[in-house]
$ cat start_1.pdb   # PDB, C-alpha atoms
ATOM      1  CA  MET A   1     -96.226 -79.203  58.090
ATOM      2  CA  ILE A   2     -97.359 -82.735  58.839
ATOM      3  CA  LEU A   3     -96.920 -85.129  61.716
ATOM      4  CA  LYS A   4     -93.624 -86.947  61.422
ATOM      5  CA  TYR A   5     -94.009 -90.202  59.428
ATOM      6  CA  GLN A   6     -97.733 -89.520  59.016
ATOM      7  CA  THR A   7     -97.703 -90.542  55.347
ATOM      8  CA  ALA A   8     -96.290 -93.987  56.124
ATOM      9  CA  LEU A   9     -98.568 -94.447  59.139
ATOM     10  CA  LYS A  10    -101.596 -93.537  57.014
ATOM     11  CA  TRP A  11    -100.842 -96.630  54.956
ATOM     12  CA  LEU A  12     -99.720 -98.971  57.716
ATOM     13  CA  ILE A  13    -102.455 -98.388  60.307
ATOM     14  CA  PRO A  14    -105.481 -98.956  58.024
ATOM     15  CA  LEU A  15    -103.871-102.175  56.779
ATOM     16  CA  ILE A  16    -103.392-103.308  60.380
ATOM     17  CA  GLY A  17    -107.013-102.488  61.174
ATOM     18  CA  VAL A  18    -108.476-104.292  58.146
ATOM     19  CA  LEU A  19    -106.312-107.405  58.510
ATOM     20  CA  ALA A  20    -106.877-107.598  62.275
ATOM     21  CA  LEU A  21    -110.649-107.283  61.807
ATOM     22  CA  PHE A  22    -110.540-110.131  59.289
ATOM     23  CA  ALA A  23    -108.347-112.277  61.557
ATOM     24  CA  VAL A  24    -110.468-111.867  64.692
ATOM     25  CA  THR A  25    -113.717-112.359  62.777
ATOM     26  CA  MET A  26    -112.410-115.634  61.400
ATOM     27  CA  GLY A  27    -111.141-116.680  64.823
ATOM     28  CA  LEU A  28    -114.469-115.994  66.523
ATOM     29  CA  LEU A  29    -117.014-116.918  63.834
ATOM     30  CA  TYR A  30    -115.479-119.401  61.400
ATOM     31  CA  GLN A  31    -116.769-122.877  62.175
ATOM     32  CA  THR A  32    -116.164-126.358  60.801
ATOM     33  CA  SER A  33    -117.534-129.699  61.846
ATOM     34  CA  GLY A  34    -115.625-131.656  64.448
ATOM     35  CA  GLN A  35    -115.190-132.220  68.158
ATOM     36  CA  PRO A  36    -112.256-132.023  70.570
ATOM     37  CA  TYR A  37    -110.139-135.166  70.632
ATOM     38  CA  ALA A  38    -107.235-136.441  72.701
ATOM     39  CA  ILE A  39    -103.722-137.030  71.405
ATOM     40  CA  THR A  40    -100.351-137.831  72.916
ATOM     41  CA  SER A  41     -97.672-135.295  71.995
ATOM     42  CA  PHE A  42     -94.207-136.376  70.853
ATOM     43  CA  ARG A  43     -93.039-135.682  74.433
ATOM     44  CA  GLY A  44     -95.620-138.111  75.783
ATOM     45  CA  GLU A  45     -97.978-135.429  77.125
ATOM     46  CA  LYS A  46    -101.714-136.155  76.759
ATOM     47  CA  VAL A  47    -103.546-133.091  75.402
ATOM     48  CA  MET A  48    -106.965-132.219  73.977
ATOM     49  CA  ILE A  49    -107.054-130.802  70.441
ATOM     50  CA  TYR A  50    -109.818-128.259  69.712
ATOM     51  CA  GLY A  51    -110.899-130.123  66.569
ATOM     52  CA  HIS A  52    -112.949-127.465  64.743
ATOM     53  CA  GLY A  53    -112.979-123.872  63.523
ATOM     54  CA  LEU A  54    -109.942-121.800  62.597
ATOM     55  CA  TYR A  55    -107.996-123.178  65.562
ATOM     56  CA  HIS A  56    -108.726-126.792  64.604
ATOM     57  CA  TYR A  57    -105.204-128.082  65.331
ATOM     58  CA  ASP A  58    -104.573-126.029  68.467
ATOM     59  CA  THR A  59    -105.204-127.443  71.904
ATOM     60  CA  VAL A  60    -108.471-126.609  73.647
ATOM     61  CA  SER A  61    -106.468-124.425  76.026
ATOM     62  CA  ASN A  62    -104.667-122.494  73.264
ATOM     63  CA  ALA A  63    -107.848-122.091  71.222
ATOM     64  CA  ALA A  64    -109.661-120.654  74.253
ATOM     65  CA  GLN A  65    -106.785-118.223  74.841
ATOM     66  CA  MET A  66    -106.618-117.085  71.221
ATOM     67  CA  GLN A  67    -110.373-116.600  70.994
ATOM     68  CA  GLY A  68    -110.249-114.575  74.207
ATOM     69  CA  ASN A  69    -107.516-112.467  72.633
ATOM     70  CA  ASP A  70    -109.578-112.143  69.437
ATOM     71  CA  LEU A  71    -112.474-110.798  71.487
ATOM     72  CA  ILE A  72    -110.333-108.160  73.235
ATOM     73  CA  THR A  73    -108.751-107.170  69.921
ATOM     74  CA  LEU A  74    -112.227-106.704  68.460
ATOM     75  CA  VAL A  75    -113.918-104.791  71.278
ATOM     76  CA  VAL A  76    -110.906-102.920  72.740
ATOM     77  CA  GLY A  77    -107.864-103.061  70.437
ATOM     78  CA  LEU A  78    -109.515-101.982  67.185
ATOM     79  CA  PRO A  79    -111.578 -99.126  68.721
ATOM     80  CA  LEU A  80    -108.413 -97.896  70.474
ATOM     81  CA  LEU A  81    -106.500 -98.083  67.196
ATOM     82  CA  ILE A  82    -109.150 -96.014  65.388
ATOM     83  CA  GLY A  83    -109.628 -93.460  68.156
ATOM     84  CA  SER A  84    -105.943 -92.964  68.954
ATOM     85  CA  THR A  85    -105.064 -92.651  65.253
ATOM     86  CA  TRP A  86    -107.673 -89.927  64.811
ATOM     87  CA  LEU A  87    -106.357 -88.046  67.852
ATOM     88  CA  ALA A  88    -102.703 -88.505  66.885
ATOM     89  CA  PHE A  89    -103.217 -87.211  63.349
ATOM     90  CA  ARG A  90    -104.898 -84.127  64.827
ATOM     91  CA  GLY A  91    -101.726 -83.377  66.781
ATOM     92  CA  SER A  92    -102.746 -84.743  70.187
ATOM     93  CA  LEU A  93     -99.847 -85.916  72.359
ATOM     94  CA  ARG A  94    -102.247 -88.103  74.351
ATOM     95  CA  GLY A  95    -103.359 -89.604  71.077
ATOM     96  CA  ARG A  96     -99.808 -90.338  69.988
ATOM     97  CA  LEU A  97     -98.949 -91.988  73.296
ATOM     98  CA  LEU A  98    -102.152 -94.027  73.160
ATOM     99  CA  LEU A  99    -101.509 -94.968  69.529
ATOM    100  CA  THR A 100     -97.971 -96.147  70.282
ATOM    101  CA  GLY A 101     -99.155 -98.272  73.204
ATOM    102  CA  THR A 102    -101.958 -99.724  71.072
ATOM    103  CA  LEU A 103     -99.519-100.577  68.282
ATOM    104  CA  GLY A 104     -97.408-102.295  70.946
ATOM    105  CA  PHE A 105    -100.432-104.451  71.777
ATOM    106  CA  PHE A 106    -100.918-105.435  68.118
ATOM    107  CA  LEU A 107     -97.199-106.122  67.739
ATOM    108  CA  TYR A 108     -97.078-108.401  70.779
ATOM    109  CA  THR A 109    -100.340-110.136  69.837
ATOM    110  CA  TYR A 110     -99.441-111.035  66.279
ATOM    111  CA  MET A 111     -95.808-111.787  67.053
ATOM    112  CA  SER A 112     -97.021-114.417  69.497
ATOM    113  CA  ILE A 113     -99.781-115.790  67.240
ATOM    114  CA  SER A 114     -97.398-116.025  64.258
ATOM    115  CA  MET A 115     -95.114-118.257  66.313
ATOM    116  CA  LEU A 116     -97.526-120.017  68.658
ATOM    117  CA  ALA A 117    -100.738-120.816  66.779
ATOM    118  CA  ALA A 118    -100.862-124.115  64.950
ATOM    119  CA  TYR A 119    -100.497-123.478  61.229
ATOM    120  CA  ASN A 120    -103.776-122.473  59.595
ATOM    121  CA  SER A 121    -104.968-120.624  56.470
ATOM    122  CA  LEU A 122    -104.376-117.208  58.075
ATOM    123  CA  PHE A 123    -100.654-117.709  58.645
ATOM    124  CA  LEU A 124     -99.670-115.036  56.123
ATOM    125  CA  VAL A 125    -102.234-112.659  57.648
ATOM    126  CA  TYR A 126    -100.610-113.132  61.069
ATOM    127  CA  VAL A 127     -97.144-112.572  59.597
ATOM    128  CA  ALA A 128     -98.334-109.447  57.763
ATOM    129  CA  LEU A 129     -99.872-108.083  60.970
ATOM    130  CA  PHE A 130     -96.657-108.855  62.854
ATOM    131  CA  GLY A 131     -94.575-106.963  60.287
ATOM    132  CA  LEU A 132     -96.956-104.037  59.801
ATOM    133  CA  SER A 133     -97.353-103.568  63.563
ATOM    134  CA  LEU A 134     -93.584-103.730  64.096
ATOM    135  CA  TYR A 135     -92.797-100.989  61.571
ATOM    136  CA  ALA A 136     -95.765 -98.840  62.582
ATOM    137  CA  PHE A 137     -94.664 -99.114  66.223
ATOM    138  CA  ILE A 138     -91.082 -98.127  65.337
ATOM    139  CA  LEU A 139     -92.243 -95.112  63.300
ATOM    140  CA  SER A 140     -94.605 -94.058  66.063
ATOM    141  CA  MET A 141     -91.782 -94.236  68.628
ATOM    142  CA  LEU A 142     -89.468 -92.239  66.340
ATOM    143  CA  SER A 143     -92.081 -89.514  65.877
ATOM    144  CA  PHE A 144     -91.592 -88.145  69.426
ATOM    145  CA  ASP A 145     -89.281 -85.221  70.104
ATOM    146  CA  LEU A 146     -87.482 -86.533  73.170
ATOM    147  CA  ALA A 147     -85.876 -83.206  73.996
ATOM    148  CA  ASP A 148     -89.280 -81.547  74.220
ATOM    149  CA  LEU A 149     -91.313 -84.420  75.682
ATOM    150  CA  PRO A 150     -90.734 -84.028  79.474
ATOM    151  CA  ARG A 151     -92.182 -80.504  79.603
ATOM    152  CA  HIS A 152     -95.540 -81.829  78.426
ATOM    153  CA  PHE A 153     -95.956 -83.896  81.616
ATOM    154  CA  SER A 154     -97.376 -82.230  84.710
ATOM    155  CA  PRO A 155     -95.220 -81.999  87.864
ATOM    156  CA  ASN A 156     -98.209 -83.639  89.587
ATOM    157  CA  LEU A 157     -97.715 -86.857  87.621
ATOM    158  CA  PRO A 158     -97.639 -89.647  90.264
ATOM    159  CA  ARG A 159     -94.329 -91.035  89.049
ATOM    160  CA  LYS A 160     -93.809 -93.253  92.106
ATOM    161  CA  TRP A 161     -97.241 -94.880  91.697
ATOM    162  CA  ILE A 162     -96.739 -95.545  87.987
ATOM    163  CA  ALA A 163     -93.183 -96.803  88.540
ATOM    164  CA  GLY A 164     -94.468 -99.071  91.310
ATOM    165  CA  VAL A 165     -97.028-100.595  88.931
ATOM    166  CA  LEU A 166     -94.321-101.093  86.302
ATOM    167  CA  PHE A 167     -92.068-102.803  88.857
ATOM    168  CA  ALA A 168     -95.022-105.000  89.891
ATOM    169  CA  ILE A 169     -95.545-106.053  86.265
ATOM    170  CA  GLY A 170     -91.884-106.898  85.773
ATOM    171  CA  GLY A 171     -91.582-108.682  89.108
ATOM    172  CA  PHE A 172     -94.754-110.698  88.612
ATOM    173  CA  LEU A 173     -93.760-111.880  85.136
ATOM    174  CA  PHE A 174     -90.297-112.837  86.365
ATOM    175  CA  LEU A 175     -91.591-114.812  89.360
ATOM    176  CA  ALA A 176     -94.516-116.402  87.516
ATOM    177  CA  TRP A 177     -92.496-117.638  84.558
ATOM    178  CA  MET A 178     -89.405-118.622  86.542
ATOM    179  CA  GLY A 179     -91.711-120.539  88.844
ATOM    180  CA  ARG A 180     -92.831-122.489  85.794
ATOM    181  CA  ILE A 181     -89.357-122.957  84.300
ATOM    182  CA  ILE A 182     -86.945-123.542  87.198
ATOM    183  CA  PRO A 183     -88.613-126.478  89.070
ATOM    184  CA  PRO A 184     -88.686-128.744  85.973
ATOM    185  CA  LEU A 185     -85.053-127.854  85.277
ATOM    186  CA  LEU A 186     -84.061-128.874  88.796
ATOM    187  CA  GLN A 187     -86.097-132.093  88.520
ATOM    188  CA  ASN A 188     -84.764-132.896  85.019
ATOM    189  CA  THR A 189     -88.295-132.865  83.595
ATOM    190  CA  ILE A 190     -90.113-130.510  81.216
ATOM    191  CA  PRO A 191     -92.834-127.972  81.993
ATOM    192  CA  ALA A 192     -96.347-128.420  80.591
ATOM    193  CA  LEU A 193     -95.981-127.648  76.885
ATOM    194  CA  GLU A 194     -99.222-129.164  75.578
ATOM    195  CA  ASN A 195     -98.698-129.409  71.808
ATOM    196  CA  THR A 196     -95.986-126.735  71.480
ATOM    197  CA  THR A 197     -92.252-127.298  71.276
ATOM    198  CA  THR A 198     -91.117-124.622  73.720
ATOM    199  CA  LEU A 199     -92.272-121.758  75.980
ATOM    200  CA  VAL A 200     -92.888-119.023  73.422
ATOM    201  CA  ILE A 201     -94.826-116.537  75.571
ATOM    202  CA  GLN A 202     -92.451-116.940  78.485
ATOM    203  CA  ALA A 203     -89.472-116.197  76.223
ATOM    204  CA  MET A 204     -91.177-113.096  74.830
ATOM    205  CA  ASP A 205     -92.163-111.800  78.260
ATOM    206  CA  LEU A 206     -88.771-112.418  79.862
ATOM    207  CA  VAL A 207     -86.901-110.780  76.973
ATOM    208  CA  LEU A 208     -89.287-107.967  76.010
ATOM    209  CA  ILE A 209     -91.919-107.084  78.607
ATOM    210  CA  MET A 210     -90.235-107.763  81.968
ATOM    211  CA  PRO A 211     -87.012-105.774  81.312
ATOM    212  CA  LEU A 212     -88.985-102.990  79.580
ATOM    213  CA  ALA A 213     -91.316-102.578  82.556
ATOM    214  CA  ILE A 214     -88.466-102.389  85.067
ATOM    215  CA  LEU A 215     -86.317-100.088  82.910
ATOM    216  CA  SER A 216     -89.303 -97.800  82.255
ATOM    217  CA  GLY A 217     -89.979 -97.490  85.983
ATOM    218  CA  ILE A 218     -86.350 -96.650  86.770
ATOM    219  CA  LEU A 219     -86.083 -94.036  84.009
ATOM    220  CA  LEU A 220     -89.427 -92.480  84.973
ATOM    221  CA  LEU A 221     -88.254 -92.012  88.563
ATOM    222  CA  ARG A 222     -85.165 -90.277  87.160
ATOM    223  CA  ARG A 223     -87.422 -87.939  85.100
ATOM    224  CA  THR A 224     -85.593 -88.732  81.848
ATOM    225  CA  ALA A 225     -87.237 -88.201  78.470
ATOM    226  CA  TRP A 226     -86.980 -91.914  77.701
ATOM    227  CA  GLY A 227     -88.575 -92.617  81.063
ATOM    228  CA  TYR A 228     -91.677 -90.573  80.245
ATOM    229  CA  LEU A 229     -91.972 -92.137  76.792
ATOM    230  CA  LEU A 230     -91.271 -95.763  77.717
ATOM    231  CA  ALA A 231     -93.407 -95.628  80.868
ATOM    232  CA  SER A 232     -96.340 -94.190  78.906
ATOM    233  CA  VAL A 233     -96.087 -96.785  76.171
ATOM    234  CA  THR A 234     -95.523 -99.664  78.602
ATOM    235  CA  VAL A 235     -98.480 -98.751  80.830
ATOM    236  CA  LEU A 236    -100.829 -98.440  77.862
ATOM    237  CA  LYS A 237     -99.550-101.661  76.283
ATOM    238  CA  ALA A 238     -99.635-103.519  79.627
ATOM    239  CA  LEU A 239    -103.251-102.463  80.153
ATOM    240  CA  THR A 240    -104.384-104.156  76.940
ATOM    241  CA  MET A 241    -102.119-107.157  77.596
ATOM    242  CA  ALA A 242    -103.446-107.688  81.131
ATOM    243  CA  LEU A 243    -107.027-107.274  79.906
ATOM    244  CA  ALA A 244    -106.419-109.787  77.102
ATOM    245  CA  VAL A 245    -104.817-112.336  79.446
ATOM    246  CA  SER A 246    -107.675-111.926  81.945
ATOM    247  CA  THR A 247    -110.184-112.571  79.165
ATOM    248  CA  MET A 248    -108.171-115.592  78.022
ATOM    249  CA  GLY A 249    -108.286-117.021  81.545
ATOM    250  CA  ILE A 250    -112.027-116.506  81.823
ATOM    251  CA  ASN A 251    -112.609-118.096  78.414
ATOM    252  CA  MET A 252    -110.421-121.065  79.388
ATOM    253  CA  ALA A 253    -112.561-121.581  82.504
ATOM    254  CA  LEU A 254    -115.727-121.401  80.397
ATOM    255  CA  ASN A 255    -114.274-124.078  78.102
ATOM    256  CA  GLY A 256    -113.489-126.347  81.034
ATOM    257  CA  VAL A 257    -109.721-125.849  80.861
ATOM    258  CA  PRO A 258    -108.108-125.946  84.316
ATOM    259  CA  ASP A 259    -105.766-123.053  84.990
ATOM    260  CA  SER A 260    -104.317-121.258  87.993
ATOM    261  CA  SER A 261    -107.043-119.154  89.609
ATOM    262  CA  VAL A 262    -104.281-117.282  91.453
ATOM    263  CA  LEU A 263    -102.687-116.148  88.166
ATOM    264  CA  LEU A 264    -106.090-115.089  86.829
ATOM    265  CA  VAL A 265    -106.786-112.997  89.930
ATOM    266  CA  ILE A 266    -103.330-111.382  89.696
ATOM    267  CA  PHE A 267    -103.866-110.483  86.038
ATOM    268  CA  LEU A 268    -107.262-108.978  86.903
ATOM    269  CA  ILE A 269    -105.570-106.900  89.613
ATOM    270  CA  LEU A 270    -102.871-105.825  87.145
ATOM    271  CA  THR A 271    -105.604-104.796  84.707
ATOM    272  CA  ILE A 272    -107.147-102.509  87.337
ATOM    273  CA  LEU A 273    -103.771-101.086  88.393
ATOM    274  CA  ASN A 274    -102.791-100.396  84.791
ATOM    275  CA  LEU A 275    -106.143 -98.778  84.096
ATOM    276  CA  ILE A 276    -105.640 -96.420  87.037
ATOM    277  CA  SER A 277    -102.067 -95.707  85.893
ATOM    278  CA  ALA A 278    -103.193 -95.029  82.315
ATOM    279  CA  ILE A 279    -105.866 -92.583  83.498
ATOM    280  CA  LEU A 280    -103.422 -90.781  85.786
ATOM    281  CA  LEU A 281    -100.794 -90.648  83.068
ATOM    282  CA  LEU A 282    -103.058 -89.292  80.331
ATOM    283  CA  LYS A 283    -104.668 -86.856  82.772
ATOM    284  CA  ASN A 284    -101.253 -85.325  83.495
ATOM    285  CA  VAL A 285    -100.245 -84.821  79.855
ATOM    286  CA  ASN A 286    -100.364 -81.284  78.475
ATOM    287  CA  ASP A 287    -102.247 -82.112  75.284
ATOM    288  CA  VAL A 288    -100.913 -79.378  73.005
ATOM    289  CA  GLN A 289    -100.378 -79.468  69.297
ATOM    290  CA  VAL A 290     -97.182 -81.400  68.599
ATOM    291  CA  ILE A 291     -96.928 -81.073  64.824
ATOM    292  CA  THR A 292     -93.413 -81.403  63.464
ATOM    293  CA  ASP A 293     -91.707 -81.534  60.123
TER
END
$ encode --input "start_1.pdb" --output "structure tokens"
Amino acid sequence: MILKYQTALKWLIPLIGVLALFAVTMGLLYQTSGQPYAITSFRGEKVMIYGHGLYHYDTVSNAAQMQGNDLITLVVGLPLLIGSTWLAFRGSLRGRLLLTGTLGFFLYTYMSISMLAAYNSLFLVYVALFGLSLYAFILSMLSFDLADLPRHFSPNLPRKWIAGVLFAIGGFLFLAWMGRIIPPLLQNTIPALENTTTLVIQAMDLVLIMPLAILSGILLLRRTAWGYLLASVTVLKALTMALAVSTMGINMALNGVPDSSVLLVIFLILTILNLISAILLLKNVNDVQVITD
């Protein structure tokens, strides 16, 4: 009797951990000579290129964001991956929920870096992390017994609070990104793209995160099995995402990159709200042995 898909996850998760540790170490510590320099993009936008280190060809803004994300992956993501894996393999439902949410963080992170970072020598590492995280996340999701899952959540679970936070996440992402996209469309201009060709993060959030947050909240209020599972995973993934974005914003400010202080404050608030939701959620899980064939 072993945890469902444990054999595959025993191979996938250590590979994710080792490759992610290598990637973030290179992102934070690898240095080359050079200084930031200005260029004009093919759309005529004047931007500053970082000019050194692993993110040599990224803009100063993007490099600051990716290094902020590297830091959160190192000090939060990797410890969560190790701890939740240990708990999950011991049969802990809390551990499995935490592991699935953590894998969602790695999936989102390396999906975005694979497509957004300027090409560098770690491209194949990013792609490998994207793929490994995707399949580990799918297997982790498939390991839950949906028919049995709802009974493991306490009737005292503050479903309305958690659903409200999920709706706030979805609504904020929709308004924030539409506020960046719609005005240029109406004015027949383009939004600030720096040295990228399109709005990668906005596309990912509007297709993946925003609908998932809203759907999770609705299904949780209806007490469906999918609601409990998706809400748990979304809250835990959103916590790491909001923390990473907050750190990115702080690192951008430290590097002299102007950004919206309002958005930074909102992401800090979302971090706190998601932390409270995650604590409430995990506190109201009946952490019994959930070993299956």
$ residues_near_point --input "start_1.pdb" --point "(-95.9, -126.8, 79.0)" --cutoff "12 Å" --atoms "all atoms listed in the file" --output "count of residues only"
27
$ atom_distance --input "start_1.pdb" --atom1 "CA of Phe144 in chain A" --atom2 "CA of Ile113 in chain A"
28.9 Å
$ closest_residue --input "start_1.pdb" --among "A:Leu142, A:Leu236, A:Val24, A:Leu78" --to "Gln6 in chain A" --atoms "all atoms listed in the file"
A:Leu142
$ resolve_selection --input "start_1.pdb" --expression "the PyMOL selection byres ((chain A and resi 27-40) around 10)" --output "ChimeraX atom specification"
/A:21-26,41-60,63,66-71,74,122,194-195
$ write_last_selection --input "start_1.pdb" --atoms "C-alpha atoms" --output "short mmCIF file (atom, residue, chain, number, x, y, z; two decimals), keeping the file's coordinate frame"
data_model
loop_
_atom_site.label_atom_id
_atom_site.label_comp_id
_atom_site.auth_asym_id
_atom_site.auth_seq_id
_atom_site.Cartn_x
_atom_site.Cartn_y
_atom_site.Cartn_z
CA LEU A 21 -110.65 -107.28 61.81
CA PHE A 22 -110.54 -110.13 59.29
CA ALA A 23 -108.35 -112.28 61.56
CA VAL A 24 -110.47 -111.87 64.69
CA THR A 25 -113.72 -112.36 62.78
CA MET A 26 -112.41 -115.63 61.40
CA SER A 41 -97.67 -135.29 72.00
CA PHE A 42 -94.21 -136.38 70.85
CA ARG A 43 -93.04 -135.68 74.43
CA GLY A 44 -95.62 -138.11 75.78
CA GLU A 45 -97.98 -135.43 77.12
CA LYS A 46 -101.71 -136.16 76.76
CA VAL A 47 -103.55 -133.09 75.40
CA MET A 48 -106.96 -132.22 73.98
CA ILE A 49 -107.05 -130.80 70.44
CA TYR A 50 -109.82 -128.26 69.71
CA GLY A 51 -110.90 -130.12 66.57
CA HIS A 52 -112.95 -127.46 64.74
CA GLY A 53 -112.98 -123.87 63.52
CA LEU A 54 -109.94 -121.80 62.60
CA TYR A 55 -108.00 -123.18 65.56
CA HIS A 56 -108.73 -126.79 64.60
CA TYR A 57 -105.20 -128.08 65.33
CA ASP A 58 -104.57 -126.03 68.47
CA THR A 59 -105.20 -127.44 71.90
CA VAL A 60 -108.47 -126.61 73.65
CA ALA A 63 -107.85 -122.09 71.22
CA MET A 66 -106.62 -117.08 71.22
CA GLN A 67 -110.37 -116.60 70.99
CA GLY A 68 -110.25 -114.58 74.21
CA ASN A 69 -107.52 -112.47 72.63
CA ASP A 70 -109.58 -112.14 69.44
CA LEU A 71 -112.47 -110.80 71.49
CA LEU A 74 -112.23 -106.70 68.46
CA LEU A 122 -104.38 -117.21 58.08
CA GLU A 194 -99.22 -129.16 75.58
CA ASN A 195 -98.70 -129.41 71.81
#
$ resolve_selection --input "start_1.pdb" --expression "the PyMOL selection byres ((chain A and resi 277-286) around 12)" --output "count of residues only"
52
$ residues_near_point --input "start_1.pdb" --point "(-94.5, -111.8, 65.8)" --cutoff "10 Å" --atoms "all atoms listed in the file" --output "list in words"
Phe106, Leu107, Tyr108, Thr109, Tyr110, Met111, Ser112, Ile113, Ser114, Met115, Leu116, Tyr126, Val127, Ala128, Leu129, Phe130, Gly131, Ser133, Leu134 and Met204 of chain A
$ closest_residue --input "start_1.pdb" --among "A:Val265, A:Leu230, A:Leu254, A:Leu132" --to "Trp11 in chain A" --atoms "only C-alpha atoms"
A:Leu132
$ residues_around --input "start_1.pdb" --residues "Tyr5 in chain A" --least-positions-apart "4" --cutoff "8 Å" --atoms "all atoms listed in the file" --output "tab-separated table (two decimals) with C-alpha atoms, in the frame of the given file"
chain	number	residue	atom	x	y	z
A	9	LEU	CA	-98.57	-94.45	59.14
A	139	LEU	CA	-92.24	-95.11	63.30
A	140	SER	CA	-94.60	-94.06	66.06
A	143	SER	CA	-92.08	-89.51	65.88
$ closest_residue --input "start_1.pdb" --among "A:Ala8, A:Ala64, A:Ala20, A:Gly179" --to "Ala253 in chain A" --atoms "only C-alpha atoms"
A:Ala64
$ atom_distance --input "start_1.pdb" --atom1 "CA of Ala118 in chain A" --atom2 "CA of Gln65 in chain A"
12.9 Å
$ atom_distance --input "start_1.pdb" --atom1 "CA of Lys10 in chain A" --atom2 "CA of Ala213 in chain A"
29.0 Å
$ resolve_selection --input "start_1.pdb" --expression "the PyMOL selection byres ((chain A and resi 172-174) around 9)" --output "list in words"
Phe167, Ala168, Ile169, Gly170, Gly171, Leu175, Ala176, Trp177, Met178, Gly179, Gln202, Asp205, Leu206, Ile209, Met210 and Ile266 of chain A
$ closest_residue --input "start_1.pdb" --among "A:Leu268, A:Leu243, A:Ile250, A:Leu19" --to "Leu124 in chain A" --atoms "only C-alpha atoms"
A:Leu19
$ decode --input "start_1.pdb" --residues "range 76-114 of chain A" --atoms "C-alpha atoms" --output "tab-separated table (two decimals), in the first residue's frame"
chain	number	residue	atom	x	y	z
A	76	VAL	CA	10.20	29.79	0.93
A	77	GLY	CA	9.52	27.60	-2.12
A	78	LEU	CA	12.26	25.01	-1.62
A	79	PRO	CA	11.71	24.57	2.16
A	80	LEU	CA	7.96	24.20	1.49
A	81	LEU	CA	8.69	21.63	-1.22
A	82	ILE	CA	10.88	19.58	1.14
A	83	GLY	CA	8.58	19.83	4.15
A	84	SER	CA	5.32	19.19	2.29
A	85	THR	CA	6.84	16.23	0.42
A	86	TRP	CA	7.93	14.65	3.70
A	87	LEU	CA	4.46	15.14	5.19
A	88	ALA	CA	2.65	13.95	2.06
A	89	PHE	CA	4.68	10.75	1.81
A	90	ARG	CA	3.82	10.03	5.45
A	91	GLY	CA	0.12	10.12	4.56
A	92	SER	CA	-0.73	13.64	5.74
A	93	LEU	CA	-3.64	15.27	3.92
A	94	ARG	CA	-2.36	18.70	4.97
A	95	GLY	CA	0.97	17.74	3.48
A	96	ARG	CA	-0.58	16.67	0.20
A	97	LEU	CA	-2.59	19.88	-0.10
A	98	LEU	CA	0.50	21.94	0.74
A	99	LEU	CA	2.61	19.94	-1.72
A	100	THR	CA	0.11	20.45	-4.54
A	101	GLY	CA	-0.05	24.19	-3.91
A	102	THR	CA	3.75	24.38	-3.77
A	103	LEU	CA	4.06	22.48	-7.05
A	104	GLY	CA	1.59	25.01	-8.49
A	105	PHE	CA	4.01	27.76	-7.46
A	106	PHE	CA	6.94	26.03	-9.20
A	107	LEU	CA	4.82	25.39	-12.29
A	108	TYR	CA	3.73	29.02	-12.58
A	109	THR	CA	7.24	30.32	-11.84
A	110	TYR	CA	9.11	28.28	-14.41
A	111	MET	CA	6.37	28.49	-17.02
A	112	SER	CA	6.71	32.26	-16.88
A	113	ILE	CA	10.53	32.30	-16.76
A	114	SER	CA	10.76	29.86	-19.70
